[in-house]
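Engineer: The structure file structure11.pdb (PDB, C-alpha atoms and all ligand atoms) is provided below.
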MODEL        1
ATOM      1  CA  MET A1069      21.536 366.389 -97.751  1.00  0.00           C
ATOM      2  CA  GLU A1070      21.665 362.698 -96.959  1.00  0.00           C
ATOM      3  CA  LYS A1071      20.261 360.358 -99.589  1.00  0.00           C
ATOM      4  CA  ARG A1072      19.968 356.711-100.670  1.00  0.00           C
ATOM      5  CA  ALA A1073      20.498 353.658 -98.498  1.00  0.00           C
ATOM      6  CA  LYS A1074      20.119 354.062 -94.765  1.00  0.00           C
ATOM      7  CA  ILE A1075      21.253 350.503 -94.072  1.00  0.00           C
ATOM      8  CA  ILE A1076      24.501 349.110 -95.443  1.00  0.00           C
ATOM      9  CA  ALA A1077      25.086 345.342 -95.305  1.00  0.00           C
ATOM     10  CA  LEU A1078      28.406 343.944 -94.079  1.00  0.00           C
ATOM     11  CA  PRO A1079      29.882 340.723 -95.553  1.00  0.00           C
ATOM     12  CA  SER A1080      29.925 338.899 -92.188  1.00  0.00           C
ATOM     13  CA  GLY A1081      26.170 339.373 -91.735  1.00  0.00           C
ATOM     14  CA  GLY A1082      26.332 342.592 -89.697  1.00  0.00           C
ATOM     15  CA  ARG A1083      25.209 345.970 -90.929  1.00  0.00           C
ATOM     16  CA  LEU A1084      25.643 349.698 -90.642  1.00  0.00           C
ATOM     17  CA  ARG A1085      22.347 351.291 -89.659  1.00  0.00           C
ATOM     18  CA  PRO A1086      21.167 354.664 -88.354  1.00  0.00           C
ATOM     19  CA  TRP A1087      21.515 355.308 -84.632  1.00  0.00           C
ATOM     20  CA  THR A1088      18.171 355.627 -82.822  1.00  0.00           C
ATOM     21  CA  ALA A1089      17.099 357.096 -79.477  1.00  0.00           C
ATOM     22  CA  ALA A1090      16.692 353.525 -78.184  1.00  0.00           C
ATOM     23  CA  ASP A1091      20.486 353.010 -78.438  1.00  0.00           C
ATOM     24  CA  ALA A1092      21.307 355.466 -75.640  1.00  0.00           C
ATOM     25  CA  GLU A1093      22.179 352.936 -72.934  1.00  0.00           C
ATOM     26  CA  THR A1094      24.252 350.763 -75.258  1.00  0.00           C
ATOM     27  CA  LEU A1095      26.060 353.825 -76.561  1.00  0.00           C
ATOM     28  CA  VAL A1096      27.146 354.860 -73.054  1.00  0.00           C
ATOM     29  CA  ALA A1097      28.208 351.304 -72.148  1.00  0.00           C
ATOM     30  CA  LEU A1098      30.401 351.073 -75.254  1.00  0.00           C
ATOM     31  CA  ALA A1099      31.742 354.619 -75.516  1.00  0.00           C
ATOM     32  CA  ASN A1100      32.554 355.359 -71.891  1.00  0.00           C
ATOM     33  CA  ASP A1101      36.104 354.085 -72.252  1.00  0.00           C
ATOM     34  CA  ARG A1102      39.382 355.951 -71.944  1.00  0.00           C
ATOM     35  CA  ALA A1103      41.047 353.591 -74.451  1.00  0.00           C
ATOM     36  CA  ILE A1104      38.607 354.795 -77.103  1.00  0.00           C
ATOM     37  CA  TRP A1105      38.716 358.471 -76.059  1.00  0.00           C
ATOM     38  CA  ARG A1106      42.529 358.466 -76.240  1.00  0.00           C
ATOM     39  CA  ASN A1107      42.388 357.794 -79.985  1.00  0.00           C
ATOM     40  CA  MET A1108      39.550 360.169 -80.822  1.00  0.00           C
ATOM     41  CA  ARG A1109      39.287 363.918 -81.312  1.00  0.00           C
ATOM     42  CA  ASP A1110      38.559 365.861 -78.124  1.00  0.00           C
ATOM     43  CA  GLN A1111      34.941 366.422 -79.137  1.00  0.00           C
ATOM     44  CA  PHE A1112      34.429 362.751 -78.172  1.00  0.00           C
ATOM     45  CA  PRO A1113      33.711 363.097 -74.432  1.00  0.00           C
ATOM     46  CA  HIS A1114      35.234 361.275 -71.491  1.00  0.00           C
ATOM     47  CA  PRO A1115      33.638 360.196 -69.269  1.00  0.00           C
ATOM     48  CA  TYR A1116      30.847 359.462 -71.776  1.00  0.00           C
ATOM     49  CA  THR A1117      27.629 360.135 -69.849  1.00  0.00           C
ATOM     50  CA  ALA A1118      23.937 359.553 -70.493  1.00  0.00           C
ATOM     51  CA  GLU A1119      23.721 363.298 -71.259  1.00  0.00           C
ATOM     52  CA  ASN A1120      26.445 362.975 -73.895  1.00  0.00           C
ATOM     53  CA  ALA A1121      24.576 360.072 -75.495  1.00  0.00           C
ATOM     54  CA  ALA A1122      21.272 361.972 -75.429  1.00  0.00           C
ATOM     55  CA  PHE A1123      22.944 364.991 -77.058  1.00  0.00           C
ATOM     56  CA  PHE A1124      24.556 362.840 -79.777  1.00  0.00           C
ATOM     57  CA  LEU A1125      21.329 360.969 -80.518  1.00  0.00           C
ATOM     58  CA  SER A1126      19.140 364.077 -80.519  1.00  0.00           C
ATOM     59  CA  ASN A1127      21.411 365.889 -82.963  1.00  0.00           C
ATOM     60  CA  LEU A1128      21.455 363.197 -85.623  1.00  0.00           C
ATOM     61  CA  ALA A1129      19.361 365.184 -88.089  1.00  0.00           C
ATOM     62  CA  ASN A1130      21.902 368.020 -88.031  1.00  0.00           C
ATOM     63  CA  LYS A1131      24.764 365.564 -88.166  1.00  0.00           C
ATOM     64  CA  ALA A1132      23.316 363.897 -91.266  1.00  0.00           C
ATOM     65  CA  GLU A1133      23.902 367.208 -93.075  1.00  0.00           C
ATOM     66  CA  ALA A1134      27.558 367.005 -92.072  1.00  0.00           C
ATOM     67  CA  GLY A1135      27.878 363.422 -93.353  1.00  0.00           C
ATOM     68  CA  PRO A1136      26.402 359.953 -92.782  1.00  0.00           C
ATOM     69  CA  ILE A1137      26.911 358.399 -89.337  1.00  0.00           C
ATOM     70  CA  ARG A1138      25.953 354.794 -88.639  1.00  0.00           C
ATOM     71  CA  ALA A1139      25.863 352.357 -85.744  1.00  0.00           C
ATOM     72  CA  ILE A1140      27.900 349.229 -86.489  1.00  0.00           C
ATOM     73  CA  GLU A1141      25.962 346.033 -85.772  1.00  0.00           C
ATOM     74  CA  ASN A1142      27.541 342.582 -85.740  1.00  0.00           C
ATOM     75  CA  ALA A1143      25.916 339.458 -87.198  1.00  0.00           C
ATOM     76  CA  ALA A1144      24.229 338.800 -83.830  1.00  0.00           C
ATOM     77  CA  GLY A1145      22.461 342.176 -84.052  1.00  0.00           C
ATOM     78  CA  GLN A1146      24.514 343.762 -81.253  1.00  0.00           C
ATOM     79  CA  VAL A1147      25.587 347.387 -81.648  1.00  0.00           C
ATOM     80  CA  VAL A1148      29.386 347.298 -81.394  1.00  0.00           C
ATOM     81  CA  GLY A1149      30.476 350.826 -82.354  1.00  0.00           C
ATOM     82  CA  SER A1150      30.072 353.778 -84.664  1.00  0.00           C
ATOM     83  CA  ILE A1151      31.422 355.007 -87.988  1.00  0.00           C
ATOM     84  CA  GLY A1152      30.853 358.216 -89.905  1.00  0.00           C
ATOM     85  CA  LEU A1153      31.916 360.453 -92.759  1.00  0.00           C
ATOM     86  CA  HIS A1154      32.443 364.150 -92.107  1.00  0.00           C
ATOM     87  CA  PHE A1155      32.245 366.286 -95.222  1.00  0.00           C
ATOM     88  CA  LYS A1156      34.849 369.024 -95.648  1.00  0.00           C
ATOM     89  CA  HIS A1157      34.203 372.454 -97.111  1.00  0.00           C
ATOM     90  CA  ASP A1158      35.554 375.179 -99.406  1.00  0.00           C
ATOM     91  CA  VAL A1159      38.298 373.843-101.709  1.00  0.00           C
ATOM     92  CA  SER A1160      38.119 370.530 -99.797  1.00  0.00           C
ATOM     93  CA  HIS A1161      34.423 370.000-100.534  1.00  0.00           C
ATOM     94  CA  ARG A1162      35.186 366.758-102.413  1.00  0.00           C
ATOM     95  CA  SER A1163      36.942 365.365 -99.320  1.00  0.00           C
ATOM     96  CA  ALA A1164      35.520 363.651 -96.265  1.00  0.00           C
ATOM     97  CA  GLU A1165      37.169 362.500 -93.062  1.00  0.00           C
ATOM     98  CA  ILE A1166      36.199 359.047 -91.823  1.00  0.00           C
ATOM     99  CA  GLY A1167      35.977 358.410 -88.077  1.00  0.00           C
ATOM    100  CA  TYR A1168      35.165 355.184 -86.238  1.00  0.00           C
ATOM    101  CA  TRP A1169      35.378 353.402 -82.897  1.00  0.00           C
ATOM    102  CA  LEU A1170      34.366 350.039 -81.476  1.00  0.00           C
ATOM    103  CA  GLY A1171      33.582 348.942 -77.913  1.00  0.00           C
ATOM    104  CA  GLN A1172      36.687 347.274 -76.557  1.00  0.00           C
ATOM    105  CA  GLN A1173      35.066 343.842 -76.110  1.00  0.00           C
ATOM    106  CA  PHE A1174      34.554 343.781 -79.886  1.00  0.00           C
ATOM    107  CA  TRP A1175      38.118 344.646 -80.948  1.00  0.00           C
ATOM    108  CA  GLY A1176      40.119 342.121 -82.958  1.00  0.00           C
ATOM    109  CA  GLN A1177      37.207 340.509 -84.821  1.00  0.00           C
ATOM    110  CA  GLY A1178      37.715 342.295 -88.131  1.00  0.00           C
ATOM    111  CA  LEU A1179      34.610 344.422 -87.621  1.00  0.00           C
ATOM    112  CA  ALA A1180      36.276 347.820 -88.033  1.00  0.00           C
ATOM    113  CA  THR A1181      37.877 346.710 -91.300  1.00  0.00           C
ATOM    114  CA  GLU A1182      34.521 345.582 -92.685  1.00  0.00           C
ATOM    115  CA  ALA A1183      32.769 348.747 -91.556  1.00  0.00           C
ATOM    116  CA  LEU A1184      35.473 350.957 -93.052  1.00  0.00           C
ATOM    117  CA  GLN A1185      35.387 349.185 -96.401  1.00  0.00           C
ATOM    118  CA  ALA A1186      31.608 349.358 -96.531  1.00  0.00           C
ATOM    119  CA  LEU A1187      31.222 353.025 -95.573  1.00  0.00           C
ATOM    120  CA  THR A1188      34.078 354.059 -97.872  1.00  0.00           C
ATOM    121  CA  ASP A1189      32.482 352.273-100.831  1.00  0.00           C
ATOM    122  CA  TYR A1190      29.101 353.769 -99.918  1.00  0.00           C
ATOM    123  CA  GLY A1191      30.637 357.240 -99.616  1.00  0.00           C
ATOM    124  CA  PHE A1192      32.176 357.125-103.073  1.00  0.00           C
ATOM    125  CA  ALA A1193      29.036 355.618-104.624  1.00  0.00           C
ATOM    126  CA  THR A1194      26.652 358.087-103.000  1.00  0.00           C
ATOM    127  CA  TYR A1195      28.395 361.456-102.867  1.00  0.00           C
ATOM    128  CA  LYS A1196      30.639 363.326-105.271  1.00  0.00           C
ATOM    129  CA  LEU A1197      33.704 362.627-103.160  1.00  0.00           C
ATOM    130  CA  ALA A1198      37.191 362.465-104.630  1.00  0.00           C
ATOM    131  CA  ARG A1199      38.944 361.583-101.372  1.00  0.00           C
ATOM    132  CA  ILE A1200      38.231 359.990 -97.997  1.00  0.00           C
ATOM    133  CA  TYR A1201      40.921 360.249 -95.336  1.00  0.00           C
ATOM    134  CA  ALA A1202      41.703 359.549 -91.699  1.00  0.00           C
ATOM    135  CA  LEU A1203      44.213 361.051 -89.306  1.00  0.00           C
ATOM    136  CA  VAL A1204      45.566 358.366 -86.980  1.00  0.00           C
ATOM    137  CA  PHE A1205      47.438 359.224 -83.806  1.00  0.00           C
ATOM    138  CA  ALA A1206      50.975 357.821 -83.999  1.00  0.00           C
ATOM    139  CA  TRP A1207      50.425 355.637 -80.924  1.00  0.00           C
ATOM    140  CA  ASN A1208      47.525 353.776 -82.621  1.00  0.00           C
ATOM    141  CA  PRO A1209      48.995 351.185 -85.040  1.00  0.00           C
ATOM    142  CA  ALA A1210      45.808 349.073 -84.980  1.00  0.00           C
ATOM    143  CA  SER A1211      43.905 351.877 -86.693  1.00  0.00           C
ATOM    144  CA  GLY A1212      46.579 352.295 -89.363  1.00  0.00           C
ATOM    145  CA  ARG A1213      46.432 348.564 -89.994  1.00  0.00           C
ATOM    146  CA  VAL A1214      42.648 348.622 -90.340  1.00  0.00           C
ATOM    147  CA  LEU A1215      42.853 351.476 -92.847  1.00  0.00           C
ATOM    148  CA  GLU A1216      45.456 349.622 -94.903  1.00  0.00           C
ATOM    149  CA  LYS A1217      43.295 346.485 -94.890  1.00  0.00           C
ATOM    150  CA  ALA A1218      40.414 348.663 -96.134  1.00  0.00           C
ATOM    151  CA  GLY A1219      42.466 349.880 -99.107  1.00  0.00           C
ATOM    152  CA  TYR A1220      43.752 353.158 -97.700  1.00  0.00           C
ATOM    153  CA  THR A1221      47.285 354.374 -98.471  1.00  0.00           C
ATOM    154  CA  PHE A1222      49.629 355.903 -95.917  1.00  0.00           C
ATOM    155  CA  GLU A1223      50.383 359.382 -97.274  1.00  0.00           C
ATOM    156  CA  ALA A1224      52.230 361.353 -94.666  1.00  0.00           C
ATOM    157  CA  ARG A1225      53.443 361.712 -91.124  1.00  0.00           C
ATOM    158  CA  LEU A1226      52.228 365.096 -89.900  1.00  0.00           C
ATOM    159  CA  ARG A1227      54.847 365.918 -87.322  1.00  0.00           C
ATOM    160  CA  ASP A1228      53.551 367.124 -83.933  1.00  0.00           C
ATOM    161  CA  ALA A1229      50.094 367.610 -85.479  1.00  0.00           C
ATOM    162  CA  VAL A1230      48.141 366.102 -82.578  1.00  0.00           C
ATOM    163  CA  THR A1231      47.979 367.140 -78.928  1.00  0.00           C
ATOM    164  CA  LYS A1232      46.047 364.547 -76.958  1.00  0.00           C
ATOM    165  CA  ASP A1233      45.999 363.378 -73.368  1.00  0.00           C
ATOM    166  CA  GLY A1234      48.739 365.858 -72.447  1.00  0.00           C
ATOM    167  CA  GLN A1235      51.150 364.853 -75.204  1.00  0.00           C
ATOM    168  CA  THR A1236      52.020 366.286 -78.602  1.00  0.00           C
ATOM    169  CA  ILE A1237      52.550 363.494 -81.099  1.00  0.00           C
ATOM    170  CA  ASP A1238      52.633 362.863 -84.837  1.00  0.00           C
ATOM    171  CA  GLY A1239      49.478 362.270 -86.888  1.00  0.00           C
ATOM    172  CA  LEU A1240      49.507 359.631 -89.638  1.00  0.00           C
ATOM    173  CA  LEU A1241      47.490 360.573 -92.696  1.00  0.00           C
ATOM    174  CA  TYR A1242      45.786 357.756 -94.630  1.00  0.00           C
ATOM    175  CA  ALA A1243      43.577 358.256 -97.691  1.00  0.00           C
ATOM    176  CA  ARG A1244      41.614 356.444-100.381  1.00  0.00           C
ATOM    177  CA  LEU A1245      40.743 358.161-103.657  1.00  0.00           C
ATOM    178  CA  HIS A1246      37.613 357.693-105.765  1.00  0.00           C
ATOM    179  CA  PRO A1247      38.108 354.412-107.678  1.00  0.00           C
TER     180      PRO A1247
HETATM  181  C1  LIG B1301      41.125 350.907 -84.126  1.00  0.00           C
HETATM  182  C2  LIG B1301      39.900 350.015 -83.945  1.00  0.00           C
HETATM  183  C3  LIG B1301      38.708 350.651 -84.621  1.00  0.00           C
HETATM  184  C4  LIG B1301      40.214 348.660 -84.589  1.00  0.00           C
HETATM  185  O1  LIG B1301      39.032 347.870 -84.554  1.00  0.00           O
HETATM  186  P1  LIG B1301      39.074 346.264 -84.746  1.00  0.00           P
HETATM  187  O2  LIG B1301      37.695 345.808 -85.068  1.00  0.00           O
HETATM  188  O3  LIG B1301      39.754 345.664 -83.596  1.00  0.00           O
HETATM  189  O4  LIG B1301      39.968 346.120 -86.035  1.00  0.00           O
HETATM  190  P2  LIG B1301      40.166 344.794 -86.906  1.00  0.00           P
HETATM  191  O5  LIG B1301      39.880 343.601 -86.053  1.00  0.00           O
HETATM  192  O6  LIG B1301      39.372 344.974 -88.156  1.00  0.00           O
HETATM  193  O7  LIG B1301      41.710 344.870 -87.290  1.00  0.00           O
HETATM  194  C5  LIG B1301      42.699 345.168 -86.318  1.00  0.00           C
HETATM  195  C6  LIG B1301      44.056 344.991 -86.971  1.00  0.00           C
HETATM  196  O8  LIG B1301      45.016 345.737 -86.213  1.00  0.00           O
HETATM  197  C7  LIG B1301      46.045 344.855 -85.810  1.00  0.00           C
HETATM  198  N1  LIG B1301      46.558 345.345 -84.549  1.00  0.00           N
HETATM  199  C8  LIG B1301      45.943 345.349 -83.352  1.00  0.00           C
HETATM  200  N2  LIG B1301      46.752 345.888 -82.428  1.00  0.00           N
HETATM  201  C9  LIG B1301      47.891 346.260 -83.067  1.00  0.00           C
HETATM  202  C10 LIG B1301      49.101 346.859 -82.673  1.00  0.00           C
HETATM  203  N3  LIG B1301      49.304 347.246 -81.403  1.00  0.00           N
HETATM  204  N4  LIG B1301      50.060 347.078 -83.612  1.00  0.00           N
HETATM  205  C11 LIG B1301      49.858 346.719 -84.892  1.00  0.00           C
HETATM  206  N5  LIG B1301      48.720 346.145 -85.350  1.00  0.00           N
HETATM  207  C12 LIG B1301      47.752 345.913 -84.427  1.00  0.00           C
HETATM  208  C13 LIG B1301      45.391 343.512 -85.723  1.00  0.00           C
HETATM  209  O9  LIG B1301      46.353 342.472 -85.732  1.00  0.00           O
HETATM  210  C14 LIG B1301      44.511 343.551 -86.971  1.00  0.00           C
HETATM  211  O10 LIG B1301      45.262 343.366 -88.145  1.00  0.00           O
HETATM  212  P3  LIG B1301      45.387 341.894 -88.857  1.00  0.00           P
HETATM  213  O11 LIG B1301      44.005 341.502 -89.273  1.00  0.00           O
HETATM  214  O12 LIG B1301      46.326 342.140 -89.991  1.00  0.00           O
HETATM  215  O13 LIG B1301      45.931 340.958 -87.809  1.00  0.00           O
HETATM  216  C15 LIG B1301      39.577 349.797 -82.442  1.00  0.00           C
HETATM  217  O14 LIG B1301      40.720 349.319 -81.821  1.00  0.00           O
HETATM  218  C16 LIG B1301      39.109 351.055 -81.739  1.00  0.00           C
HETATM  219  O15 LIG B1301      37.927 351.348 -81.696  1.00  0.00           O
HETATM  220  N6  LIG B1301      40.067 351.807 -81.138  1.00  0.00           N
HETATM  221  C17 LIG B1301      39.741 353.047 -80.400  1.00  0.00           C
HETATM  222  C18 LIG B1301      39.206 354.160 -81.302  1.00  0.00           C
HETATM  223  C19 LIG B1301      40.069 354.399 -82.527  1.00  0.00           C
HETATM  224  O16 LIG B1301      41.261 354.175 -82.514  1.00  0.00           O
HETATM  225  N7  LIG B1301      39.444 354.880 -83.612  1.00  0.00           N
HETATM  226  C20 LIG B1301      40.149 355.218 -84.830  1.00  0.00           C
HETATM  227  C21 LIG B1301      40.673 356.622 -84.751  1.00  0.00           C
HETATM  228  S1  LIG B1301      41.648 357.032 -86.210  1.00  0.00           S
ENDMDL
END
Kindly present the structure from the file in structure tokens form.
Ligand SMILES: CC(C)(COP(=O)(O)OP(=O)(O)OC[C@H]1O[C@@H](n2cnc3c(N)ncnc32)[C@H](O)[C@@H]1OP(=O)(O)O)[C@@H](O)C(=O)NCCC(=O)NCCS
Structural biologist:
Amino acid sequence: MEKRAKIIALPSGGRLRPWTAADAETLVALANDRAIWRNMRDQFPHPYTAENAAFFLSNLANKAEAGPIRAIENAAGQVVGSIGLHFKHDVSHRSAEIGYWLGQQFWGQGLATEALQALTDYGFATYKLARIYALVFAWNPASGRVLEKAGYTFEARLRDAVTKDGQTIDGLLYARLHP
């Protein structure tokens, strides 16, 4: 069950806040991008349609059970992307995977790094997590860099662990442990 703060402040003046039904159009405009899809799990659709956005936004209550998901807003109040924790189960129930993406026009401004740091800190402070991790596709060095800047450690190269966009490539495992 989700608990505590819904809104998480970012140092640059932006914030992480719950997605709302009113974000549908913005969500499609940002997420309908092959360059994002190529670095995400296949459950992230492409093309990203109004129906996909409506489905995502209408399922938020269920998704909150699976882990907190937030819209990333910059200091100007624009929604720029999304970030979420996905709780794991069974013997991994003290682990969560962190996933994130930004609209391409907002890349390179340090926003993903800020969002990652903030949601990771929130995750450890709010839930009984021992470990938060991300699996980065080997062709995505920017994401590895962002994780390192947010205090994550490169743990392993999972050989041929990812099949995406018609290719089988390595996955790079990054993790941060409870401080
Ligand atoms: C990965 C992503 C979230 C990064 O967002 P961002 O806001 O641009 O990230 P930041 O600005 O905080 O930092 C980017 C860092 O990557 C570096 N970088 C960018 N392109 C790079 C490349 N090709 N090789 C190495 N480093 C690269 C930047 O120089 C910067 O590091 P620096 O501050 O040391 O210079 C964004 O590109 C994205 O949404 N990509 C598509 C979806 C995705 O990959 N999600 C993550 C799945 S694991």
Engineer: With a distance cut-off of 6 Å and all atoms listed in the file, select the neighbouring residues of region 1126-1135 of chain A, excluding the residue or stretch itself and same-chain residues fewer than 2 positions from it, and output the selection as number ranges by chain.
Structural biologist: A: 1069, 1122-1124, 1153-1155
Engineer: What residues have any atom no more than 6 Å from ligand LIG 1301 (chain B) when counting all atoms listed in the file, and can you list them as a list in words?
Structural biologist: Ile1104, Asn1107, Met1108, Tyr1168, Trp1169, Leu1170, Trp1175, Gly1176, Gln1177, Gly1178, Leu1179, Ala1180, Thr1181, Leu1203, Val1204, Pro1209, Ala1210, Ser1211, Arg1213 and Val1214 of chain A
Engineer: I need the output of the PyMOL selection byres (((chain A and resi 1138-1145) around 6) and not hetatm) for this file as a ChimeraX atom specification; which residues are they?
Structural biologist: /A:1081-1087,1137,1146-1151
Engineer: Which distance in Å separates CA of Ala1164 (chain A) and CA of Ala1193 (chain A), to one decimal?
Structural biologist: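 Interatomic distance, CA of Ala1164 (chain A) to CA of Ala1193 (chain A): 13.3 Å.
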Engineer: Using all atoms listed in the file, which residues sit within 10 Å of Lys1156 (chain A) once same-chain residues fewer than 4 positions away are excluded, as a compact mmCIF listing (two decimals) with C-alpha atoms, keeping the file's coordinate frame?
Structural biologist:
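Result went into part.txt, see below:
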# COMPACT_ATOMS: atom_id res chain seq x y z
CA ALA A 1134 27.56 367.00 -92.07
CA GLY A 1135 27.88 363.42 -93.35
CA SER A 1160 38.12 370.53 -99.80
CA HIS A 1161 34.42 370.00 -100.53
CA ARG A 1162 35.19 366.76 -102.41
CA SER A 1163 36.94 365.36 -99.32
CA ALA A 1164 35.52 363.65 -96.26
CA GLU A 1165 37.17 362.50 -93.06
CA LEU A 1197 33.70 362.63 -103.16
CA ILE A 1200 38.23 359.99 -98.00
Engineer: What does the structure give for the distance between CA of Tyr1190 (chain A) and CA of Val1159 (chain A), in Å to one decimal?
Structural biologist: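 According to the coordinates, CA of Tyr1190 (chain A) and CA of Val1159 (chain A) are separated by 22.2 Å.
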Engineer: Skipping near chain neighbours, those fewer than 5 positions away, what residues fall within 12 Å of region 1233-1235 of chain A using only C-alpha atoms, listed as a PDB file with C-alpha atoms, in the frame of the given file?
Structural biologist:
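Generated file (selection-v4.pdb):
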ATOM      1  CA  ARG A1102      39.382 355.951 -71.944  1.00  0.00           C
ATOM      2  CA  ALA A1103      41.047 353.591 -74.451  1.00  0.00           C
ATOM      3  CA  ILE A1104      38.607 354.795 -77.103  1.00  0.00           C
ATOM      4  CA  TRP A1105      38.716 358.471 -76.059  1.00  0.00           C
ATOM      5  CA  ARG A1106      42.529 358.466 -76.240  1.00  0.00           C
ATOM      6  CA  ASN A1107      42.388 357.794 -79.985  1.00  0.00           C
ATOM      7  CA  MET A1108      39.550 360.169 -80.822  1.00  0.00           C
ATOM      8  CA  ARG A1109      39.287 363.918 -81.312  1.00  0.00           C
ATOM      9  CA  ASP A1110      38.559 365.861 -78.124  1.00  0.00           C
ATOM     10  CA  HIS A1114      35.234 361.275 -71.491  1.00  0.00           C
ATOM     11  CA  PHE A1205      47.438 359.224 -83.806  1.00  0.00           C
ATOM     12  CA  ALA A1206      50.975 357.821 -83.999  1.00  0.00           C
ATOM     13  CA  TRP A1207      50.425 355.637 -80.924  1.00  0.00           C
ATOM     14  CA  ASP A1228      53.551 367.124 -83.933  1.00  0.00           C
TER      15      ASP A1228
END
Engineer: Smallest atom-to-atom distance to Ile1075 (chain A): which of A:Asn1100, A:Gly1167, A:Thr1221, A:Ala1183, using all atoms listed in the file?
Structural biologist: A:Ala1183
Engineer: What does the distance between CA of Thr1188 (chain A) and CA of Ala1224 (chain A) come to in Å, to one decimal place?
Structural biologist: 19.8 Å
Engineer: Using all atoms listed in the file, find the one residue out of A:Ala1198, A:Ala1097, A:Ile1237, A:Ala1118 that sits nearest to Gln1173 (chain A).
Structural biologist: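 When distances to Gln1173 (chain A) are compared using all atoms listed in the file, the smallest one comes from A:Ala1097.
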Engineer: So, with only C-alpha atoms as the atoms that count, which of A:Pro1136, A:Asp1101, A:Tyr1116, A:Glu1093 lies closest to Tyr1195 (chain A)?
Structural biologist: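 Nearest candidate to Tyr1195 (chain A) out of A:Pro1136, A:Asp1101, A:Tyr1116, A:Glu1093: A:Pro1136.
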Engineer: Expanded to explicit residues, what is the PyMOL selection byres (((chain A and resi 1246) around 7) and not hetatm) for this file, as a VMD selection string?
Structural biologist: chain A and resid 1192 1197 to 1199 1244 to 1245 1247
Engineer: Rank A:Ser1080, A:Gln1172, A:Gln1111, A:Thr1117 by their smallest atom-to-atom distance to Leu1098 (chain A), using only C-alpha atoms, and report the top residue only.
Structural biologist: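 Counting only C-alpha atoms, the residue closest to Leu1098 (chain A) is A:Gln1172.
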Engineer: From the set A:Leu1125, A:Leu1226, A:Ala1099, A:Ile1076, which residue has the shortest atom-to-atom contact distance to Leu1184 (chain A), counting all atoms listed in the file?
Structural biologist: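 Using all atoms listed in the file, the shortest distance to Leu1184 (chain A) belongs to A:Ile1076.
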Engineer: Could you check the closest approach to Gly1239 (chain A) for each of A:Ala1218, A:Leu1078, A:Ala1186, A:Ala1202 and tell me which residue wins, using all atoms listed in the file?
Structural biologist: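 The closest residue to Gly1239 (chain A) is A:Ala1202.
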Engineer: Determine, counting all atoms listed in the file, every residue of protein, DNA or RNA that lies within 10 Å of (51.4, 356.0, -94.8) in the file coordinates, then give the result as number ranges by chain.
Structural biologist: A: 1212, 1215-1216, 1220-1225, 1240-1243
